[in-house]
Amino acid sequence: MKKVCVITGASNAFCAEFAREMSKNGYAVALLDTNESEAQAVADEICAYGGLAKAYQVDVLSRESIINVHKTVLAELGKCTVLINGVGGNSTYATTTNEHFEYGDDKRNDLLTFFNLNESGFDFVFDLNVKGVLIPTQIFALDMIGEKGCSIINISSVNAEVPNTKTPAYSSAKAAVSNFTQWLAVYFAKEDIRVNAIAPGFFSTEKNKDILWNQDGTPTERTEKILAATPMGRLGEPSELLGALKFLVDPIAASFVTGIVISVDGGFSAYSGV
């Protein structure tokens with residue numbers, strides 16, 4: 001069977017690395033993203049060194065959109081053998097201004113507190129992170145029925161286990177992703193479709209650099225807290241997720257591995273702070 005890897009959220013830093021790695025390991029890669037031009041840039045890079053990759057515009061929260069792109073991927077690349085559910089993210093509308101409750105917060109409207117968090121923002125974060133795994137899996141896992149060596153990789157977060165301050169929706173949604181990964185692993189176990197997740201810690205990427213670093217290159221106050229809570233004392237690089245990915249998708253090395261979440265976090269989830 002031809003090896004085909006489908007990646008959602010394919011233009012983000014993590015998934016672009018995943019796409020390059022899967023291509024180097026002999027997979028044709030379908031890069032699914034809302035921003036087709038950014039996904040196309042990754043596809044062009046892969047094709048430039050002899051790989052096979054195609055970009056597709058898609059809305060992971062639209063079943064019709066996923067069904068349509070699935071038909072196109074089938075026709076152009078073949079059946080999906082590895083699905084990487086890389087879509088995810090947070091919203092400022094579901095993020096509190098302060099880390100802790102302060103007296104009077106329940107009466108304030110000039111900043112975001114727990115009491116006035118935007119419900120639609122909360123819904124968006126849950127939909128993107130949870131339904132963004134559900135719907136693509138429902139469609140692309142159909143390709144895996146009756147085949148050998150297939151697997152699904154979800155992207156959780158260390159925040160699923162240790163929730164971030166300020167991001168109740170994102171942390172809760174990623175906890176749901178980890179739990180859903182286990183549920184799917186059991187559901188598909190007898191069909192020999194393995195389902196696992198990678199839980200990144202804190203990584204420095206182009207999109208989050210303004211949150212992590214001051215203009216002079218020094219860490220922000222929040223980054224200093226992250227570094228203090230990370231035993232390895234630094235942030236990760238997207239390429240450092242590839243070891244976990246290569247292991248989990250390997251049908252021989254990980255043949256009896258399903259339902260696990262691998263943390264790649266420099267020790268963050270193991271450190272109690274003392």
# chains A, B, ... in the order shown; residues from 1 in each chain; ligands from 1

$ residues_around --residues "region 122-133 of chain A" --least-positions-apart "4" --cutoff "8 Å" --atoms "only C-alpha atoms" --output "PyMOL selection string"
chain A and resi 60-61+85+87-91+93-94+117-118+137+154+169-170+173-174+176-177

$ write_last_selection --atoms "N, CA, C and O atoms" --output "tab-separated table (two decimals), in the first residue's frame"
chain	number	residue	atom	x	y	z
A	60	VAL	N	-11.44	22.50	8.89
A	60	VAL	CA	-11.56	21.24	9.64
A	60	VAL	C	-12.84	21.15	10.45
A	60	VAL	O	-13.20	20.07	10.93
A	61	LEU	N	-13.54	22.27	10.62
A	61	LEU	CA	-14.79	22.24	11.37
A	61	LEU	C	-16.00	22.07	10.45
A	61	LEU	O	-17.14	22.09	10.93
A	85	ASN	N	-3.35	14.97	13.22
A	85	ASN	CA	-4.30	16.04	13.53
A	85	ASN	C	-3.55	17.18	14.21
A	85	ASN	O	-3.44	17.24	15.43
A	87	VAL	N	-4.16	20.55	13.79
A	87	VAL	CA	-4.89	21.79	14.01
A	87	VAL	C	-5.09	22.04	15.50
A	87	VAL	O	-5.33	21.11	16.27
A	88	GLY	N	-4.98	23.29	15.92
A	88	GLY	CA	-5.21	23.64	17.31
A	88	GLY	C	-4.91	25.10	17.52
A	88	GLY	O	-4.46	25.80	16.61
A	89	GLY	N	-5.15	25.56	18.74
A	89	GLY	CA	-4.84	26.95	19.03
A	89	GLY	C	-5.74	27.52	20.10
A	89	GLY	O	-6.66	26.87	20.60
A	90	ASN	N	-5.46	28.76	20.44
A	90	ASN	CA	-6.19	29.46	21.49
A	90	ASN	C	-6.84	30.70	20.90
A	90	ASN	O	-6.66	31.01	19.71
A	91	SER	N	-7.59	31.42	21.70
A	91	SER	CA	-8.21	32.68	21.29
A	91	SER	C	-8.06	33.70	22.41
A	91	SER	O	-8.20	33.36	23.59
A	93	TYR	N	-10.12	35.80	23.11
A	93	TYR	CA	-11.44	35.95	23.73
A	93	TYR	C	-11.70	34.89	24.80
A	93	TYR	O	-12.71	34.97	25.51
A	94	ALA	N	-10.84	33.89	24.88
A	94	ALA	CA	-10.97	32.85	25.91
A	94	ALA	C	-9.77	32.85	26.83
A	94	ALA	O	-9.40	31.83	27.41
A	117	LEU	N	-15.51	35.92	30.54
A	117	LEU	CA	-14.92	35.29	29.36
A	117	LEU	C	-15.98	35.12	28.28
A	117	LEU	O	-17.13	34.78	28.58
A	118	ASN	N	-15.57	35.35	27.06
A	118	ASN	CA	-16.48	35.28	25.93
A	118	ASN	C	-16.87	33.83	25.65
A	118	ASN	O	-16.01	33.00	25.34
A	137	THR	N	-10.73	12.80	11.63
A	137	THR	CA	-10.53	11.38	11.95
A	137	THR	C	-11.70	10.54	11.45
A	137	THR	O	-11.50	9.44	10.91
A	154	ASN	N	-2.38	12.59	17.29
A	154	ASN	CA	-3.02	13.84	17.71
A	154	ASN	C	-1.99	14.72	18.42
A	154	ASN	O	-1.02	14.22	18.98
A	169	ALA	N	-9.77	27.64	28.47
A	169	ALA	CA	-10.37	26.91	27.35
A	169	ALA	C	-9.34	26.03	26.66
A	169	ALA	O	-9.60	24.85	26.40
A	170	TYR	N	-8.19	26.60	26.36
A	170	TYR	CA	-7.15	25.84	25.65
A	170	TYR	C	-6.68	24.65	26.48
A	170	TYR	O	-6.58	23.52	25.96
A	173	ALA	N	-9.40	22.04	26.61
A	173	ALA	CA	-9.58	21.39	25.31
A	173	ALA	C	-8.46	20.39	25.03
A	173	ALA	O	-8.71	19.30	24.49
A	174	LYS	N	-7.24	20.73	25.40
A	174	LYS	CA	-6.13	19.80	25.17
A	174	LYS	C	-6.24	18.58	26.09
A	174	LYS	O	-5.84	17.47	25.72
A	176	ALA	N	-9.05	17.28	26.79
A	176	ALA	CA	-10.02	16.49	26.04
A	176	ALA	C	-9.35	15.75	24.89
A	176	ALA	O	-9.70	14.60	24.60
A	177	VAL	N	-8.37	16.38	24.23
A	177	VAL	CA	-7.66	15.72	23.14
A	177	VAL	C	-6.91	14.49	23.66
A	177	VAL	O	-6.95	13.42	23.04

$ residues_around --residues "Asp210 (chain A)" --least-positions-apart "5" --cutoff "10 Å" --atoms "only C-alpha atoms" --output "NGL selection string"
:A and (204-205 or 215 or 217 or 219-220)

$ write_last_selection --atoms "all heavy atoms" --output "PDB file, in the first residue's frame"
ATOM      1  N   SER A 204       9.646  27.824  20.969  1.00  0.00           N
ATOM      2  CA  SER A 204       9.750  29.152  20.370  1.00  0.00           C
ATOM      3  C   SER A 204       9.560  29.034  18.865  1.00  0.00           C
ATOM      4  O   SER A 204      10.298  28.314  18.186  1.00  0.00           O
ATOM      5  CB  SER A 204      11.120  29.769  20.674  1.00  0.00           C
ATOM      6  OG  SER A 204      11.206  31.083  20.149  1.00  0.00           O
ATOM      7  N   THR A 205       8.535  29.707  18.335  1.00  0.00           N
ATOM      8  CA  THR A 205       8.265  29.700  16.897  1.00  0.00           C
ATOM      9  C   THR A 205       8.068  31.138  16.427  1.00  0.00           C
ATOM     10  O   THR A 205       7.959  32.070  17.224  1.00  0.00           O
ATOM     11  CB  THR A 205       7.006  28.882  16.571  1.00  0.00           C
ATOM     12  OG1 THR A 205       5.856  29.549  17.083  1.00  0.00           O
ATOM     13  CG2 THR A 205       7.095  27.480  17.158  1.00  0.00           C
ATOM     14  N   GLN A 215      11.615  42.923  22.554  1.00  0.00           N
ATOM     15  CA  GLN A 215      12.228  43.381  21.302  1.00  0.00           C
ATOM     16  C   GLN A 215      13.755  43.312  21.339  1.00  0.00           C
ATOM     17  O   GLN A 215      14.397  43.176  20.305  1.00  0.00           O
ATOM     18  CB  GLN A 215      11.776  44.808  20.977  1.00  0.00           C
ATOM     19  CG  GLN A 215      10.312  44.891  20.554  1.00  0.00           C
ATOM     20  CD  GLN A 215       9.929  46.255  20.043  1.00  0.00           C
ATOM     21  OE1 GLN A 215      10.636  47.232  20.249  1.00  0.00           O
ATOM     22  NE2 GLN A 215       8.782  46.335  19.379  1.00  0.00           N
ATOM     23  N   GLY A 217      15.368  40.894  22.603  1.00  0.00           N
ATOM     24  CA  GLY A 217      15.755  39.490  22.618  1.00  0.00           C
ATOM     25  C   GLY A 217      15.757  38.837  23.984  1.00  0.00           C
ATOM     26  O   GLY A 217      16.004  37.639  24.097  1.00  0.00           O
ATOM     27  N   PRO A 219      13.991  37.399  27.471  1.00  0.00           N
ATOM     28  CA  PRO A 219      12.704  36.726  27.710  1.00  0.00           C
ATOM     29  C   PRO A 219      11.708  37.639  28.411  1.00  0.00           C
ATOM     30  O   PRO A 219      12.079  38.451  29.256  1.00  0.00           O
ATOM     31  CB  PRO A 219      13.081  35.529  28.592  1.00  0.00           C
ATOM     32  CG  PRO A 219      14.370  35.905  29.226  1.00  0.00           C
ATOM     33  CD  PRO A 219      15.081  36.772  28.247  1.00  0.00           C
ATOM     34  N   THR A 220      10.431  37.507  28.034  1.00  0.00           N
ATOM     35  CA  THR A 220       9.379  38.244  28.728  1.00  0.00           C
ATOM     36  C   THR A 220       9.202  37.661  30.132  1.00  0.00           C
ATOM     37  O   THR A 220       9.756  36.606  30.462  1.00  0.00           O
ATOM     38  CB  THR A 220       8.042  38.145  27.972  1.00  0.00           C
ATOM     39  OG1 THR A 220       7.634  36.761  27.929  1.00  0.00           O
ATOM     40  CG2 THR A 220       8.168  38.682  26.560  1.00  0.00           C
TER      41      THR A 220
END

$ select_by_dssp --residues "region 133-257 of chain A" --states "strand (DSSP E)" --output "list in words"
Ser151, Ile152, Ile153, Asn154, Ile155, Arg194, Val195, Asn196, Ala197, Ile198, Ala199 and Pro200 of chain A

$ write_last_selection --atoms "C-alpha atoms" --output "mmCIF file, in the first residue's frame"
data_model
loop_
_atom_site.group_PDB
_atom_site.id
_atom_site.type_symbol
_atom_site.label_atom_id
_atom_site.label_comp_id
_atom_site.auth_asym_id
_atom_site.auth_seq_id
_atom_site.Cartn_x
_atom_site.Cartn_y
_atom_site.Cartn_z
ATOM 1 C CA SER A 151 -1.844 5.211 12.690
ATOM 2 C CA ILE A 152 -3.291 8.478 13.913
ATOM 3 C CA ILE A 153 -1.271 11.100 15.748
ATOM 4 C CA ASN A 154 -3.016 13.839 17.709
ATOM 5 C CA ILE A 155 -1.316 16.946 19.067
ATOM 6 C CA ARG A 194 -2.855 2.782 16.486
ATOM 7 C CA VAL A 195 -3.801 6.155 17.977
ATOM 8 C CA ASN A 196 -1.325 8.180 20.033
ATOM 9 C CA ALA A 197 -0.567 11.796 20.844
ATOM 10 C CA ILE A 198 2.391 14.113 21.249
ATOM 11 C CA ALA A 199 2.210 16.749 23.980
ATOM 12 C CA PRO A 200 4.640 19.594 23.274
#

$ residues_around --residues "region 38-49 of chain A" --least-positions-apart "2" --cutoff "8 Å" --atoms "only C-alpha atoms" --output "ChimeraX atom specification"
/A:10-11,16,19-20,23,31-33,35-36,51-56

$ residues_around --residues "region 106-113 of chain A" --least-positions-apart "3" --cutoff "7 Å" --atoms "only C-alpha atoms" --output "JSON, numbers by chain"
{"A": [96, 97, 116, 117]}

$ atom_distance --atom1 "CA of Gly9 (chain A)" --atom2 "CA of Gly86 (chain A)"
5.0 Å

$ residues_around --residues "Lys190 (chain A)" --least-positions-apart "6" --cutoff "12 Å" --atoms "only C-alpha atoms" --output "list in words"
Ile145, Gly146, Lys148, Leu184, Phe256 and Thr258 of chain A

$ select_by_dssp --residues "region 148-222 of chain A" --states "helix (DSSP H, G or I)" --output "number ranges by chain"
A: 158-160, 168-191, 209-212, 221-222

$ atom_distance --atom1 "CA of Thr167 (chain A)" --atom2 "CA of Thr34 (chain A)"
23.3 Å
